[in-house]
Amino acid sequence: SQTIHQWPATLVQPVGSPLSLECTVEGTSNPNLYWYRQAAGRGLQLLFYSVGIGQISSEVPQNLSASRPQDRQFILSSKKLLLSDSGFYLCAWSVGPGGIGNQPQHFGDGTRLSIL
Amino acid sequence: AQSVSQHNHHVILSEAASLELGCNYSYGGTVNLFWYVQYPGQHLQLLLKYFSGDPLVKGIKGFEAEFIKSKFSFNLRKPSVQWSDTAEYFCAVNASSNTGKLIFGQGTTLQVKP
């Protein structure tokens with residue numbers, strides 16, 4: 001069966017420090033991968049999605065970047081964190097025929113990021 | 001811009017009460033609709049989905065949702081809730097068939113009292 005792993009589960013970082021959050025998927029190949037952020041009291045906002053190795057689409061302008069160095073690995077990064085980067089970050093995957101818009105997404109457990 | 005609105009932010013019910021959580025979206029074209037649930041301490045998981053066909057869809061654990069195109073709504077229902085239904089519920093819409101972009105509502109926290 002397919003599984004998705006995110007780490008770390010929680011992270012406290014000072015303003016201006018770099019960031020690297022990792023997400024890996026097992027049990028499937030060529031998944032579509034997504035990074036979401038949930039700020040306190042708000043819904044989930046899509047940050048990036050990827051349909052293949054090295055293919056990244058950014059949904060909102062921000063201080064973050066994403067990379068997909070391997071088929072089942074998705075990394076969220078920042079060179080210098082801002083206070084506004086605090087939040088709950090979720091990785092998700094989907095796969096299937098007929099276009100990726102109508103396939104359900106499966107979520108990881110998330111990373112709670114606090115910027116001090 | 002596309003948006004999803006969940007009208008109830010916090011709902012408290014007693015066991016066996018009926019549940020209806022509202023979800024409205026703003027988009028005039030073809031949509032794919034989802035309800036996700038997050039139980040305490042667990043990851044977000046799919047409750048049910050609508051892509052096409054019968055507008056009344058049934059999901060896991062006795063939940064169902066009805067897509068009413070004329071009202072741009074996809075309300076979630078359950079005839080009789082249980083204490084174990086205590087969770088946060090998210091409505092999500094995909095309005096782009098060639099991307100996986102989901103637009104989420106703000107979420108509704110459901111608390112069921114035993």
# chains A, B, ... in the order shown; residues from 1 in each chain; ligands from 1

call {"tool": "interface_residues", "arguments": {"of": "chain B", "to": "chain A", "cutoff": "12 Å", "atoms": "only C-alpha atoms", "output": "count of residues only"}}
result
51

call {"tool": "residues_around", "arguments": {"residues": "region 63-76 of chain B", "least_positions_apart": "5", "cutoff": "7 Å", "atoms": "only C-alpha atoms", "output": "VMD selection string"}}
result
chain B and resid 20 to 26 55 to 58

call {"tool": "write_last_selection", "arguments": {"atoms": "N, CA and C atoms", "output": "JSON list (two decimals), in the first residue's frame"}}
result
[["chain", "number", "residue", "atom", "x", "y", "z"],
["B", 20, "GLU", "N", -25.55, 18.64, 9.39],
["B", 20, "GLU", "CA", -25.39, 19.18, 8.04],
["B", 20, "GLU", "C", -24.38, 20.31, 8.10],
["B", 21, "LEU", "N", -23.31, 20.17, 7.36],
["B", 21, "LEU", "CA", -22.28, 21.20, 7.26],
["B", 21, "LEU", "C", -22.35, 21.82, 5.88],
["B", 22, "GLY", "N", -22.42, 23.14, 5.85],
["B", 22, "GLY", "CA", -22.58, 23.83, 4.58],
["B", 22, "GLY", "C", -21.25, 24.09, 3.89],
["B", 23, "CYS", "N", -21.28, 24.02, 2.56],
["B", 23, "CYS", "CA", -20.12, 24.35, 1.74],
["B", 23, "CYS", "C", -20.62, 24.98, 0.46],
["B", 24, "ASN", "N", -20.15, 26.17, 0.16],
["B", 24, "ASN", "CA", -20.47, 26.83, -1.10],
["B", 24, "ASN", "C", -19.18, 27.24, -1.78],
["B", 25, "TYR", "N", -19.20, 27.21, -3.09],
["B", 25, "TYR", "CA", -18.00, 27.58, -3.84],
["B", 25, "TYR", "C", -18.37, 28.61, -4.89],
["B", 26, "SER", "N", -17.38, 29.31, -5.36],
["B", 26, "SER", "CA", -17.61, 30.30, -6.39],
["B", 26, "SER", "C", -16.80, 29.91, -7.62],
["B", 55, "PRO", "N", -25.71, 13.27, -8.13],
["B", 55, "PRO", "CA", -25.23, 14.37, -7.27],
["B", 55, "PRO", "C", -25.24, 14.03, -5.79],
["B", 56, "LEU", "N", -25.86, 12.93, -5.42],
["B", 56, "LEU", "CA", -25.84, 12.51, -4.03],
["B", 56, "LEU", "C", -24.77, 11.43, -3.89],
["B", 57, "VAL", "N", -23.71, 11.76, -3.18],
["B", 57, "VAL", "CA", -22.60, 10.81, -3.06],
["B", 57, "VAL", "C", -22.50, 10.33, -1.62],
["B", 58, "LYS", "N", -22.13, 9.08, -1.49],
["B", 58, "LYS", "CA", -21.99, 8.49, -0.16],
["B", 58, "LYS", "C", -20.52, 8.23, 0.10]]

call {"tool": "select_by_dssp", "arguments": {"residues": "chain A", "states": "helix (DSSP H, G or I)", "output": "list in words"}}
result
Leu83, Ser84, Asp85, Ile100, Gly101 and Asn102 of chain A

call {"tool": "write_last_selection", "arguments": {"atoms": "N, CA and C atoms", "output": "compact mmCIF listing (two decimals), in the first residue's frame"}}
result
# COMPACT_ATOMS: atom_id res chain seq x y z
N LEU A 83 8.96 35.61 9.72
CA LEU A 83 7.95 35.30 10.75
C LEU A 83 6.67 34.79 10.11
N SER A 84 6.33 35.35 8.97
CA SER A 84 5.08 34.97 8.29
C SER A 84 5.11 33.57 7.71
N ASP A 85 6.25 32.91 7.75
CA ASP A 85 6.34 31.53 7.25
C ASP A 85 5.84 30.52 8.28
N ILE A 100 -5.19 14.99 -13.52
CA ILE A 100 -4.93 14.96 -12.09
C ILE A 100 -5.92 15.80 -11.29
N GLY A 101 -6.76 16.55 -11.94
CA GLY A 101 -7.69 17.39 -11.20
C GLY A 101 -8.79 16.64 -10.51
N ASN A 102 -9.12 15.43 -11.01
CA ASN A 102 -10.24 14.72 -10.42
C ASN A 102 -9.81 13.55 -9.56

call {"tool": "select_by_dssp", "arguments": {"residues": "chain B", "states": "strand (DSSP E)", "output": "ChimeraX atom specification"}}
result
/B:3-5,10-14,19-21,24-26,32-38,45-50,56-58,64-68,73-78,87-94,103-104,108-113

call {"tool": "residues_around", "arguments": {"residues": "Ile75 (chain A)", "least_positions_apart": "5", "cutoff": "6 Å", "atoms": "only C-alpha atoms", "output": "PDB file with N, CA, C and O atoms, in the first residue's frame"}}
result
ATOM      1  N   LEU A  21      12.162  21.031   4.390  1.00  0.00           N
ATOM      2  CA  LEU A  21      11.185  20.020   4.810  1.00  0.00           C
ATOM      3  C   LEU A  21      11.114  18.964   3.719  1.00  0.00           C
ATOM      4  O   LEU A  21      11.051  19.292   2.542  1.00  0.00           O
ATOM      5  N   GLU A  22      11.099  17.720   4.164  1.00  0.00           N
ATOM      6  CA  GLU A  22      11.130  16.648   3.175  1.00  0.00           C
ATOM      7  C   GLU A  22       9.867  15.801   3.218  1.00  0.00           C
ATOM      8  O   GLU A  22       9.280  15.568   4.274  1.00  0.00           O
ATOM      9  N   ALA A  66      10.324  24.968  -3.943  1.00  0.00           N
ATOM     10  CA  ALA A  66      10.156  23.516  -3.871  1.00  0.00           C
ATOM     11  C   ALA A  66      11.033  22.866  -4.920  1.00  0.00           C
ATOM     12  O   ALA A  66      11.333  23.464  -5.954  1.00  0.00           O
ATOM     13  N   SER A  67      11.424  21.633  -4.638  1.00  0.00           N
ATOM     14  CA  SER A  67      12.206  20.872  -5.599  1.00  0.00           C
ATOM     15  C   SER A  67      11.772  19.417  -5.561  1.00  0.00           C
ATOM     16  O   SER A  67      11.263  18.932  -4.541  1.00  0.00           O
TER      17      SER A  67
END

call {"tool": "residues_around", "arguments": {"residues": "Leu13 (chain B)", "least_positions_apart": "3", "cutoff": "10 Å", "atoms": "only C-alpha atoms", "output": "VMD selection string"}}
result
chain B and resid 16 to 19 81 to 83 86 110 to 114

call {"tool": "atom_distance", "arguments": {"atom1": "CA of Ser77 (chain A)", "atom2": "CA of Pro18 (chain A)"}}
result
7.3 Å

call {"tool": "closest_residue", "arguments": {"among": "A:Phe74, A:Leu113, A:Val15, A:Leu64", "to": "Ser86 (chain A)", "atoms": "only C-alpha atoms"}}
result
A:Leu113

call {"tool": "atom_distance", "arguments": {"atom1": "CA of Ser29 (chain A)", "atom2": "CA of Ser58 (chain A)"}}
result
22.1 Å

call {"tool": "atom_distance", "arguments": {"atom1": "CA of Arg72 (chain A)", "atom2": "CA of Val25 (chain A)"}}
result
5.2 Å
